[in-house]
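> This is input39.txt (compact mmCIF, C-alpha atoms).
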```txt
# COMPACT_ATOMS: atom_id res chain seq x y z
CA MET A 288 20.32 -4.24 54.20
CA ASN A 289 22.76 -5.87 51.85
CA ASP A 290 22.93 -2.91 49.55
CA TYR A 291 23.54 -0.68 52.50
CA GLN A 292 26.52 -2.72 53.64
CA VAL A 293 27.92 -2.85 50.15
CA LYS A 294 28.02 0.88 49.89
CA LEU A 295 29.73 1.37 53.18
CA ARG A 296 32.14 -1.49 53.02
CA SER A 297 35.66 -0.28 52.78
CA PHE A 298 38.04 -2.25 50.69
CA GLU A 299 41.58 -2.81 51.77
CA GLY A 300 42.80 -2.45 48.24
CA PRO A 301 42.02 -3.11 44.60
CA LEU A 302 42.54 -6.86 44.99
CA ASP A 303 40.12 -6.93 47.89
CA LEU A 304 37.54 -5.12 45.81
CA LEU A 305 38.07 -7.43 42.84
CA LEU A 306 37.66 -10.55 44.99
CA TYR A 307 34.51 -9.10 46.37
CA LEU A 308 33.11 -8.48 42.88
CA ILE A 309 34.06 -11.96 41.75
CA LYS A 310 32.26 -13.48 44.71
CA LYS A 311 29.25 -11.23 44.37
CA ASN A 312 28.83 -12.10 40.70
CA GLU A 313 29.46 -15.78 41.38
CA VAL A 314 31.93 -16.06 38.57
CA ASP A 315 34.86 -18.40 38.17
CA ILE A 316 38.07 -16.80 39.30
CA TYR A 317 39.89 -18.65 36.51
CA ASP A 318 37.54 -17.29 33.89
CA ILE A 319 36.73 -13.76 34.92
CA PRO A 320 34.32 -11.94 32.59
CA ILE A 321 36.70 -9.04 32.46
CA ALA A 322 34.44 -6.56 30.66
CA GLU A 323 31.68 -6.90 33.25
CA ILE A 324 34.00 -6.95 36.25
CA ALA A 325 35.90 -3.93 34.94
CA ARG A 326 32.62 -2.08 34.51
CA GLN A 327 31.55 -2.81 38.07
CA TYR A 328 34.99 -1.98 39.37
CA LEU A 329 34.83 1.44 37.78
CA GLU A 330 31.34 1.93 39.18
CA TYR A 331 32.72 1.34 42.63
CA LEU A 332 35.48 3.84 42.13
CA GLU A 333 32.85 6.31 41.05
CA LEU A 334 30.77 5.54 44.12
CA MET A 335 33.77 5.93 46.36
CA ARG A 336 34.46 9.29 44.78
CA GLU A 337 30.88 10.40 45.34
CA LEU A 338 31.16 9.42 48.97
CA ASN A 339 34.32 11.47 49.14
CA LEU A 340 36.37 8.48 50.17
CA ASP A 341 40.04 8.72 49.55
CA ILE A 342 40.81 6.61 46.54
CA ALA A 343 44.34 5.37 46.83
CA GLY A 344 46.48 5.41 43.73
CA GLU A 345 46.55 1.63 43.73
CA PHE A 346 42.86 1.55 42.85
CA LEU A 347 43.50 3.62 39.76
CA VAL A 348 46.45 1.49 38.70
CA MET A 349 44.20 -1.55 38.90
CA ALA A 350 41.52 0.21 36.87
CA ALA A 351 44.09 0.81 34.15
CA THR A 352 45.21 -2.82 34.32
CA LEU A 353 41.64 -4.05 33.96
CA LEU A 354 41.02 -1.85 30.96
CA TYR A 355 44.27 -2.97 29.43
CA ILE A 356 43.33 -6.63 29.82
CA LYS A 357 39.90 -5.91 28.44
CA SER A 358 41.30 -4.23 25.35
CA LYS A 359 43.75 -7.06 24.81
CA MET A 360 40.94 -9.57 24.93
CA ILE A 361 38.79 -7.64 22.51
CA LEU A 362 41.55 -7.19 19.93
CA PRO A 363 41.70 -10.04 17.44
CA GLN A 364 44.78 -12.17 17.85
CA GLU A 365 47.32 -11.72 15.16
CA GLU A 366 47.29 -14.42 12.55
CA ILE A 367 51.01 -14.96 12.67
CA ASN A 368 50.51 -16.47 16.08
CA LEU A 369 47.99 -18.93 14.81
CA GLU A 370 50.24 -20.03 12.00
CA GLU A 371 53.21 -20.52 14.20
CA GLU A 372 50.99 -22.20 16.76
CA ILE A 373 52.33 -20.24 19.65
CA PRO A 374 49.46 -20.15 22.09
CA GLU A 375 48.79 -16.60 23.14
CA GLU A 376 48.88 -16.28 26.88
CA ASP A 377 45.59 -15.38 28.50
CA PRO A 378 45.97 -11.70 29.36
CA ARG A 379 44.10 -12.36 32.62
CA ARG A 380 46.62 -14.88 33.86
CA GLY A 381 48.85 -12.53 35.82
CA LEU A 382 45.90 -10.96 37.54
CA VAL A 383 44.35 -14.31 38.40
CA GLN A 384 47.62 -15.44 39.97
CA ARG A 385 47.73 -12.37 42.15
CA LEU A 386 44.12 -12.75 43.17
CA LEU A 387 44.62 -16.38 44.13
CA GLU A 388 47.71 -15.55 46.12
CA TYR A 389 45.98 -12.72 47.93
CA LYS A 390 42.93 -14.86 48.60
CA LYS A 391 45.05 -17.44 50.36
CA PHE A 392 46.39 -14.85 52.75
CA LYS A 393 42.95 -13.47 53.32
CA GLU A 394 41.95 -16.93 54.45
CA VAL A 395 44.93 -17.16 56.77
CA ALA A 396 43.95 -13.75 58.13
CA GLN A 397 40.48 -15.10 58.85
CA LEU A 398 42.02 -18.05 60.63
CA LEU A 399 44.20 -15.75 62.71
CA LYS A 400 41.14 -13.71 63.55
CA GLU A 401 39.40 -16.81 64.86
CA ARG A 402 42.43 -17.68 66.94
CA GLU A 403 42.53 -14.14 68.26
CA GLU A 404 38.91 -14.57 69.34
CA GLU A 405 39.72 -17.84 71.06
CA GLY A 406 42.71 -16.22 72.73
CA SER A 407 40.58 -13.42 74.10
CA VAL A 408 38.87 -15.80 76.51
CA VAL A 409 42.02 -16.97 78.22
CA PHE A 410 43.86 -14.71 80.59
CA LYS A 411 47.49 -14.92 81.51
CA ARG A 412 49.70 -13.32 84.08
CA PHE A 413 50.16 -9.67 83.31
CA ILE A 414 53.11 -7.69 84.55
CA PRO A 415 53.03 -3.99 83.84
CA GLU A 416 55.88 -2.46 81.93
CA GLY A 417 58.83 -1.49 84.05
CA GLU A 418 58.23 -4.21 86.59
CA ARG A 419 60.34 -7.32 86.77
CA SER A 420 59.31 -9.51 83.88
CA LEU A 421 60.67 -12.06 81.49
CA GLU A 422 61.89 -11.29 77.99
CA PHE A 423 61.05 -13.45 75.07
CA GLU A 424 64.18 -15.33 74.13
CA GLU A 425 64.14 -13.83 70.70
CA GLU A 426 66.97 -13.95 68.26
CA ILE A 427 67.48 -10.24 68.10
CA GLN A 428 69.38 -9.71 64.93
CA GLY A 429 69.08 -6.01 64.47
CA PHE A 430 70.28 -4.59 61.21
CA GLU A 431 73.02 -2.28 60.11
CA ALA A 432 71.76 1.21 59.66
CA SER A 433 73.50 3.32 57.07
CA ILE A 434 74.12 7.03 57.40
CA PHE A 435 71.19 7.50 55.02
CA ASP A 436 68.90 5.62 57.36
CA LEU A 437 69.94 7.97 60.11
CA ILE A 438 69.41 11.04 57.98
CA SER A 439 65.99 9.91 56.82
CA ALA A 440 65.00 9.00 60.36
CA PHE A 441 66.16 12.40 61.55
CA THR A 442 64.23 14.22 58.82
CA LYS A 443 61.11 12.29 59.73
CA VAL A 444 61.45 13.29 63.35
CA MET A 445 62.07 16.91 62.42
CA LYS A 446 59.02 16.94 60.19
CA SER A 447 56.87 15.46 62.88
CA ILE A 448 57.72 18.26 65.30
CA PRO A 449 55.10 20.92 64.73
CA LYS A 450 56.28 24.44 64.04
CA GLU A 451 55.90 26.55 67.10
CA GLU A 452 53.07 28.92 66.67
CA PHE A 453 51.77 31.00 69.48
CA LYS A 454 48.18 31.99 69.57
CA VAL A 455 46.10 33.37 72.33
CA VAL A 456 43.34 30.89 72.82
CA LEU A 457 40.38 32.00 74.83
CA GLU A 458 38.81 28.94 76.21
CA GLU A 459 35.14 29.16 76.84
CA GLU A 460 35.10 27.01 79.86
CA TYR A 461 32.25 28.76 81.54
CA SER A 462 29.06 30.13 80.15
CA VAL A 463 26.61 32.55 81.68
CA GLU A 464 23.72 30.22 80.86
CA GLU A 465 25.35 27.40 82.72
CA LYS A 466 25.90 29.56 85.77
CA ILE A 467 22.31 30.82 85.67
CA ASP A 468 21.06 27.25 85.68
CA PHE A 469 23.39 26.42 88.50
CA ILE A 470 22.29 29.33 90.66
CA LEU A 471 18.61 28.66 90.08
CA SER A 472 18.86 24.99 90.82
CA LEU A 473 20.87 25.69 93.94
CA LEU A 474 18.20 28.14 95.05
CA ASP A 475 15.50 25.57 94.44
CA ARG A 476 17.29 23.15 96.64
CA LYS A 477 18.47 25.45 99.39
CA GLY A 478 16.13 28.39 99.27
CA VAL A 479 18.95 30.79 100.04
CA ILE A 480 22.52 31.14 98.93
CA TYR A 481 25.21 32.94 100.82
CA PHE A 482 27.30 35.03 98.53
CA SER A 483 30.50 34.05 100.32
CA SER A 484 29.79 30.35 99.86
CA ILE A 485 29.68 30.77 96.11
CA TRP A 486 33.25 32.04 95.94
CA LYS A 487 34.53 28.93 97.55
CA ARG A 488 33.55 27.00 94.45
CA ILE A 489 35.21 29.35 92.02
CA LYS A 490 38.46 28.23 90.51
CA ASN A 491 39.72 31.25 88.58
CA ARG A 492 39.07 34.83 87.57
CA MET A 493 37.28 33.84 84.42
CA GLU A 494 34.78 31.79 86.33
CA ALA A 495 34.30 34.59 88.83
CA VAL A 496 33.52 37.05 86.05
CA VAL A 497 31.05 34.70 84.41
CA PHE A 498 29.44 33.99 87.75
CA PHE A 499 29.04 37.66 88.41
CA LEU A 500 27.52 38.25 84.98
CA ALA A 501 25.07 35.44 85.67
CA LEU A 502 24.03 37.08 88.92
CA LEU A 503 23.55 40.45 87.23
CA GLU A 504 21.49 38.84 84.50
CA LEU A 505 19.27 37.08 87.03
CA ILE A 506 18.73 40.32 88.90
CA ARG A 507 17.82 42.08 85.66
CA LEU A 508 15.31 39.34 84.87
CA LYS A 509 13.99 39.70 88.42
CA LYS A 510 14.55 36.04 89.04
CA ILE A 511 16.54 36.61 92.18
CA ILE A 512 16.69 39.09 94.98
CA ILE A 513 19.86 40.10 96.77
CA ARG A 514 19.89 41.20 100.37
CA GLN A 515 22.70 42.37 102.51
CA ILE A 516 22.40 42.37 106.24
CA GLY A 517 24.13 45.46 107.42
CA LEU A 518 27.27 47.09 106.16
CA PHE A 519 29.88 44.44 105.22
CA GLY A 520 27.30 41.90 106.27
CA GLU A 521 26.58 38.64 104.62
CA ILE A 522 24.98 38.94 101.17
CA LYS A 523 22.13 36.51 100.63
CA ILE A 524 20.52 35.48 97.39
CA PHE A 525 16.80 34.58 97.37
CA ARG A 526 14.14 33.73 94.91
CA PRO A 527 11.46 36.46 94.75
CA LEU A 528 8.13 35.60 96.25
CA PRO A 529 6.64 32.45 94.67
CA VAL A 530 3.74 34.41 93.22
CA ALA A 531 6.08 36.57 91.23
CA VAL A 532 7.86 33.55 89.83
CA HIS A 533 4.67 32.03 88.54
CA ALA A 534 3.58 35.31 87.07
CA GLY A 535 6.87 35.65 85.32
CA ARG A 536 6.51 32.31 83.63
CA MET B 69 62.04 -39.38 97.56
CA GLN B 70 58.40 -38.80 96.96
CA GLY B 71 58.72 -35.52 98.83
CA ASP B 72 61.57 -34.38 96.58
CA LYS B 73 59.50 -34.98 93.53
CA GLN B 74 56.57 -33.08 94.97
CA LYS B 75 58.87 -30.22 95.85
CA LEU B 76 60.32 -30.10 92.35
CA LYS B 77 56.83 -30.08 90.95
CA ASN B 78 55.96 -27.19 93.24
CA ILE B 79 59.04 -25.29 92.11
CA ILE B 80 58.10 -25.72 88.49
CA GLU B 81 54.58 -24.66 89.31
CA ALA B 82 55.90 -21.55 91.04
CA LEU B 83 57.96 -20.67 87.96
CA LEU B 84 54.96 -21.07 85.71
CA PHE B 85 52.78 -19.19 88.14
CA VAL B 86 54.83 -16.01 88.15
CA SER B 87 55.94 -15.95 84.52
CA ASP B 88 54.35 -13.47 82.19
CA LYS B 89 55.78 -15.26 79.15
CA PRO B 90 55.62 -18.90 78.12
CA LEU B 91 58.52 -20.77 79.71
CA SER B 92 60.52 -23.07 77.51
CA LEU B 93 61.64 -26.46 78.77
CA GLU B 94 65.21 -25.24 78.43
CA HIS B 95 64.53 -22.19 80.54
CA ILE B 96 62.98 -24.27 83.29
CA ARG B 97 65.90 -26.68 83.11
CA GLU B 98 68.36 -23.84 83.63
CA VAL B 99 66.56 -22.95 86.85
CA VAL B 100 65.81 -26.33 88.40
CA GLU B 101 68.83 -28.17 86.96
CA VAL B 102 67.25 -31.55 86.39
CA GLU B 103 66.71 -33.70 83.31
CA ARG B 104 64.37 -32.38 80.66
CA SER B 105 62.42 -35.63 80.65
CA GLU B 106 61.73 -35.32 84.35
CA ILE B 107 60.55 -31.74 83.99
CA LYS B 108 58.36 -32.76 81.12
CA SER B 109 56.66 -35.51 83.07
CA LEU B 110 56.10 -33.22 86.06
CA ILE B 111 54.59 -30.57 83.80
CA GLU B 112 52.34 -33.23 82.37
CA GLU B 113 51.24 -34.12 85.91
CA LEU B 114 50.50 -30.48 86.62
CA ARG B 115 48.55 -30.21 83.40
CA GLN B 116 46.43 -33.17 84.41
CA GLU B 117 45.87 -31.84 87.91
CA TYR B 118 44.69 -28.51 86.57
CA LEU B 119 42.14 -30.20 84.39
CA SER B 120 40.27 -31.29 87.47
CA ASN B 121 38.82 -28.69 89.72
CA HIS B 122 41.08 -25.74 88.92
CA CYS B 123 40.44 -22.38 87.34
CA PHE B 124 43.52 -22.46 85.15
CA ARG B 125 45.02 -24.54 82.39
CA LEU B 126 48.55 -25.23 81.25
CA ARG B 127 48.96 -24.54 77.59
CA GLU B 128 51.84 -25.11 75.20
CA VAL B 129 52.41 -21.95 73.30
CA ALA B 130 55.26 -20.16 71.50
CA GLY B 131 57.59 -23.06 72.27
CA GLY B 132 56.93 -22.97 75.99
CA TYR B 133 54.47 -23.62 78.78
CA GLN B 134 52.08 -21.06 80.13
CA MET B 135 49.44 -20.92 82.80
CA VAL B 136 46.23 -19.37 81.59
CA THR B 137 42.74 -19.24 82.95
CA ASP B 138 40.05 -21.61 81.81
CA PRO B 139 37.94 -19.91 79.11
CA GLU B 140 34.93 -20.67 81.29
CA TYR B 141 35.88 -17.79 83.56
CA ALA B 142 36.37 -15.20 80.84
CA ARG B 143 33.07 -13.54 81.68
CA TRP B 144 34.14 -12.60 85.18
CA LEU B 145 37.69 -11.73 84.26
CA ARG B 146 36.48 -9.36 81.57
CA LYS B 147 34.28 -7.75 84.16
CA LEU B 148 37.26 -7.47 86.47
CA PHE B 149 39.33 -5.71 83.82
CA ARG B 150 36.38 -3.76 82.43
CA GLY B 151 36.82 -4.91 78.86
CA GLY B 152 39.98 -6.88 79.17
CA ARG B 153 42.23 -7.31 76.24
CA LYS B 154 43.88 -4.74 74.07
CA GLU B 155 42.31 -3.56 70.88
CA LYS B 156 41.80 -6.34 68.37
CA LEU B 157 43.86 -6.34 65.23
CA SER B 158 42.41 -4.78 62.10
CA ARG B 159 41.83 -6.69 58.91
CA PRO B 160 44.84 -5.13 57.14
CA ALA B 161 46.97 -5.97 60.16
CA LEU B 162 45.82 -9.60 60.13
CA GLU B 163 46.41 -9.91 56.38
CA THR B 164 49.86 -8.43 56.68
CA LEU B 165 50.70 -10.77 59.57
CA ALA B 166 49.48 -13.71 57.51
CA ILE B 167 51.82 -12.77 54.69
CA ILE B 168 54.78 -12.24 57.01
CA ALA B 169 54.10 -15.52 58.84
CA TYR B 170 54.32 -17.55 55.65
CA LYS B 171 56.84 -15.58 53.63
CA GLN B 172 59.29 -14.56 56.31
CA PRO B 173 61.74 -13.03 56.17
CA VAL B 174 59.95 -10.71 53.82
CA THR B 175 60.35 -7.10 52.70
CA LYS B 176 57.73 -4.41 52.70
CA PRO B 177 57.54 -4.18 48.87
CA GLU B 178 56.89 -7.92 48.77
CA ILE B 179 54.03 -7.55 51.24
CA GLU B 180 52.67 -4.62 49.30
CA HIS B 181 52.75 -6.57 46.07
CA ILE B 182 50.63 -9.34 47.55
CA ARG B 183 48.08 -7.10 49.19
CA GLY B 184 48.07 -4.53 46.43
CA VAL B 185 48.25 -1.66 48.91
CA ASP B 186 50.74 0.36 50.86
CA ALA B 187 51.93 -1.44 54.01
CA ASP B 188 53.76 1.37 55.78
CA GLY B 189 51.33 2.09 58.59
CA VAL B 190 50.38 -1.52 59.21
CA VAL B 191 53.98 -2.68 59.47
CA ARG B 192 54.72 0.08 61.95
CA THR B 193 51.73 -0.87 64.10
CA LEU B 194 52.76 -4.51 64.09
CA LEU B 195 56.31 -3.59 65.09
CA GLU B 196 55.00 -1.43 67.91
CA ARG B 197 52.83 -4.24 69.18
CA GLY B 198 55.80 -6.57 69.07
CA LEU B 199 54.12 -9.04 66.75
CA ILE B 200 56.81 -8.68 64.11
CA ARG B 201 60.49 -7.85 64.25
CA ILE B 202 63.19 -6.67 61.92
CA ALA B 203 65.12 -9.71 60.80
CA GLY B 204 67.86 -8.04 58.81
CA ARG B 205 68.24 -6.64 55.34
CA LYS B 206 67.77 -8.26 52.00
CA ASN B 207 70.78 -8.31 49.74
CA VAL B 208 69.13 -6.65 46.79
CA LEU B 209 69.12 -3.14 45.42
CA GLY B 210 68.26 -0.67 48.18
CA ARG B 211 68.91 -3.30 50.87
CA PRO B 212 65.30 -3.31 52.06
CA ILE B 213 64.51 -4.33 55.64
CA LEU B 214 63.28 -7.87 56.20
CA TYR B 215 60.46 -8.62 58.62
CA ALA B 216 59.64 -11.78 60.55
CA THR B 217 57.09 -12.77 63.16
CA THR B 218 57.99 -12.91 66.86
CA LYS B 219 57.32 -15.29 69.71
CA LYS B 220 54.77 -12.83 70.91
CA PHE B 221 52.97 -13.40 67.62
CA LEU B 222 52.81 -17.12 68.41
CA GLU B 223 51.63 -16.44 71.94
CA TYR B 224 49.01 -13.96 70.78
CA PHE B 225 47.44 -16.46 68.43
CA GLY B 226 47.93 -19.42 70.73
CA LEU B 227 50.33 -21.16 68.36
CA ASN B 228 53.14 -23.34 69.58
CA SER B 229 55.18 -22.88 66.44
CA LEU B 230 54.74 -21.65 62.88
CA ASP B 231 54.13 -25.27 61.88
CA ASP B 232 50.74 -24.99 63.57
CA LEU B 233 49.60 -22.82 60.70
CA PRO B 234 48.02 -24.82 57.88
CA PRO B 235 50.20 -25.33 54.80
CA LEU B 236 49.39 -22.82 52.09
CA ASP B 237 48.78 -25.64 49.59
CA GLU B 238 45.87 -26.83 51.67
CA LEU B 239 44.42 -23.38 51.51
CA VAL B 240 44.74 -23.53 47.73
CA LYS B 241 42.53 -26.59 47.72
CA MET B 242 39.92 -24.91 49.88
CA GLU B 243 40.23 -22.08 47.48
CA GLU B 244 39.49 -24.12 44.38
CA THR B 245 36.26 -25.53 45.70
CA ASP B 246 35.34 -22.09 46.88
CA GLY B 247 36.01 -20.58 43.47
CA ASN B 248 33.75 -23.07 41.78
CA PRO B 249 30.51 -21.31 40.79
CA GLN B 250 28.42 -24.39 41.63
CA ASP B 251 29.56 -24.33 45.19
CA THR B 252 28.90 -20.70 45.97
CA GLY B 253 25.21 -21.30 46.52
CA GLU B 254 25.93 -23.32 49.61
CA ASN B 255 27.93 -20.66 51.34
```
Mind turning the file's structure into structure tokens?

Amino acid sequence: MNDYQVKLRSFEGPLDLLLYLIKKNEVDIYDIPIAEIARQYLEYLELMRELNLDIAGEFLVMAATLLYIKSKMILPQEEINLEEEIPEEDPRRGLVQRLLEYKKFKEVAQLLKEREEEGSVVFKRFIPEGERSLEFEEEIQGFEASIFDLISAFTKVMKSIPKEEFKVVLEEEYSVEEKIDFILSLLDRKGVIYFSSIWKRIKNRMEAVVFFLALLELIRLKKIIIRQIGLFGEIKIFRPLPVAVHAGR
Amino acid sequence: MQGDKQKLKNIIEALLFVSDKPLSLEHIREVVEVERSEIKSLIEELRQEYLSNHCFRLREVAGGYQMVTDPEYARWLRKLFRGGRKEKLSRPALETLAIIAYKQPVTKPEIEHIRGVDADGVVRTLLERGLIRIAGRKNVLGRPILYATTKKFLEYFGLNSLDDLPPLDELVKMEETDGNPQDTGEN
């Protein structure tokens, strides 16, 4: 169960994934075993690739950072530093700072989520948009837009408008099979169908054609019988004699 | 005299009853034109009254007062609205809101640096939902847009003001015990 979740869990970003690995491995965030974590991190990227998930560029940048830190930690420190007693900064420091910062906000996010849950059980007056309602007394500051803002906004809009392409799309709204089923079930219920009553249900030419094809098909299969009473008389649709139906099946 | 007071209380109640947004003391004062202290005590009376034998509560939220239903009746109200509330916020949206709430006014690159991912889509969603607003431009290269949370944000999370959020330093402390390998077994 756990493994299953792990594989499907989507990470919001490289920091999210790193925090997850740190927690999973139960290691100290201030003393990350970088070689091991980097290895697992890369494994995840590999897994994500296998699952055809989109790997954002940020994940790759972090992979490079991890490898860089790893290499820095493996390399022996230069002796000059030791002599001059300048303590070499832990190459992990920057990363740890970022992780801690991010973790704090993740916790706030969790808190907000809880509050959102709590809020979902209280209901307040709701006034639909456009009706008389109050505005929040917000300090609306706005911001100056430059000509470049306008141009970039305009380009975005233009790009979002799809190019006009005309294609003839034949929608398959009706199928012969569906109509056959319909006719048969109607016959089962009513015993007889008046041809004229069928046309009342039909919405367009396409449906009429399909309906007609269905009737022809049923006649061919000898599943229905058509009778007309007199010239221009009412056309009735019947099932053949019950015996014939059973024999047919 | 007693009747006047009751009437004033009824007026305030009517204002709260019809408002779809939390009403600030100042806003109520503009309408009823009496002392803030008097309004405050009447609101307190209403709040007390609602606590006994009423289906609604008076809450202080987003710097104002708002009538909401008692959580006890959520079950039926959800049924009434067939589901009820809008879509819940996603994890990225909540994280981004958290960052904006504490760091405001803040630019998109600053948010992105903290979360380590692109914030374009999330910021747009939050703007559309009215939970954040544009608060101006930062005076640095490129003059990036600054974002801040709105009153609707406070209302949505049932906060009276941003001070209701815990200080980040406290979260650091929680953090340190959490990061300690000995403690992880308990979680």
> Counting all atoms listed in the file, collect the residues of chain A whose closest atom lies at most 8 Å from chain B, and write them out as a PyMOL selection string.
chain A and resi 299-302+313-316+345+385+387-397+399-400+402-403+406-414+420-423+425+427-431
> Hey, can you spit out that residue selection with C-alpha atoms as a compact mmCIF listing (two decimals), in the coordinates of the input?

```txt
# COMPACT_ATOMS: atom_id res chain seq x y z
CA GLU A 299 41.58 -2.81 51.77
CA GLY A 300 42.80 -2.45 48.24
CA PRO A 301 42.02 -3.11 44.60
CA LEU A 302 42.54 -6.86 44.99
CA GLU A 313 29.46 -15.78 41.38
CA VAL A 314 31.93 -16.06 38.57
CA ASP A 315 34.86 -18.40 38.17
CA ILE A 316 38.07 -16.80 39.30
CA GLU A 345 46.55 1.63 43.73
CA ARG A 385 47.73 -12.37 42.15
CA LEU A 387 44.62 -16.38 44.13
CA GLU A 388 47.71 -15.55 46.12
CA TYR A 389 45.98 -12.72 47.93
CA LYS A 390 42.93 -14.86 48.60
CA LYS A 391 45.05 -17.44 50.36
CA PHE A 392 46.39 -14.85 52.75
CA LYS A 393 42.95 -13.47 53.32
CA GLU A 394 41.95 -16.93 54.45
CA VAL A 395 44.93 -17.16 56.77
CA ALA A 396 43.95 -13.75 58.13
CA GLN A 397 40.48 -15.10 58.85
CA LEU A 399 44.20 -15.75 62.71
CA LYS A 400 41.14 -13.71 63.55
CA ARG A 402 42.43 -17.68 66.94
CA GLU A 403 42.53 -14.14 68.26
CA GLY A 406 42.71 -16.22 72.73
CA SER A 407 40.58 -13.42 74.10
CA VAL A 408 38.87 -15.80 76.51
CA VAL A 409 42.02 -16.97 78.22
CA PHE A 410 43.86 -14.71 80.59
CA LYS A 411 47.49 -14.92 81.51
CA ARG A 412 49.70 -13.32 84.08
CA PHE A 413 50.16 -9.67 83.31
CA ILE A 414 53.11 -7.69 84.55
CA SER A 420 59.31 -9.51 83.88
CA LEU A 421 60.67 -12.06 81.49
CA GLU A 422 61.89 -11.29 77.99
CA PHE A 423 61.05 -13.45 75.07
CA GLU A 425 64.14 -13.83 70.70
CA ILE A 427 67.48 -10.24 68.10
CA GLN A 428 69.38 -9.71 64.93
CA GLY A 429 69.08 -6.01 64.47
CA PHE A 430 70.28 -4.59 61.21
CA GLU A 431 73.02 -2.28 60.11
```
> Find the distance between atom CA of A:Leu500 and atom CA of A:Ile485 and write it in Å to one decimal.
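Between atom CA of A:Leu500 and atom CA of A:Ile485 the gap works out to 13.6 Å.
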> Report as a list in words all protein, DNA and RNA residues lying within 9 Å of stretch 382-384 of chain A, evaluated on all atoms listed in the file, omitting residues in the same chain fewer than 5 positions from it.
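What passes the distance filter is Ile316, Tyr317, Asp318, Ile319, Thr352, Leu353 and Tyr389 of chain A.
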> To one decimal in Å, tell me the separation between atom CA of A:Thr442 and atom CA of B:Gly210.
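The value is 18.7 Å.
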> Considering only C-alpha atoms, state which residue in the set B:Ile96, B:Tyr215, B:Glu103, B:Glu112 is at the smallest distance from B:Ile79.
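Looking only at the distances to B:Ile79, the closest residue turns out to be B:Ile96.
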> Can you tell me how far atom CA of A:Ser484 sits from atom CA of A:Leu503, in Å to one decimal?
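Atom-to-atom, atom CA of A:Ser484 to atom CA of A:Leu503, that is 17.3 Å.
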> Calculated over only C-alpha atoms, which of the candidates A:Ile356, A:Leu502, A:Glu404, A:Tyr328 has the smallest distance to A:Gly381?
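Closest to A:Gly381 of all the choices is A:Ile356.
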> Would you pick out the contacts of B:Phe221 at 8 Å or less, using all atoms listed in the file, so that residues sharing its chain but fewer than 5 positions from it are not included, and give the list as a ChimeraX atom specification?
/B:198-200
> Pick out the closest residue to B:Val129 from this set: B:Glu196, B:Leu222, B:Glu81, B:Asp231. Count all atoms listed in the file.
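Of all the options, B:Leu222 lies closest to B:Val129.
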> For A:Glu464, please output as a ChimeraX atom specification all residues within 8 Å (counting all atoms listed in the file; exclusion window: fewer than 3 positions along the same chain).
/A:467-468,501
> Excluding A:Phe298 and its own-chain neighbours fewer than 5 positions away, which residues fall within 9 Å of it when counting only C-alpha atoms? Please give them as an NGL selection string.
:A and (303-304 or 307)
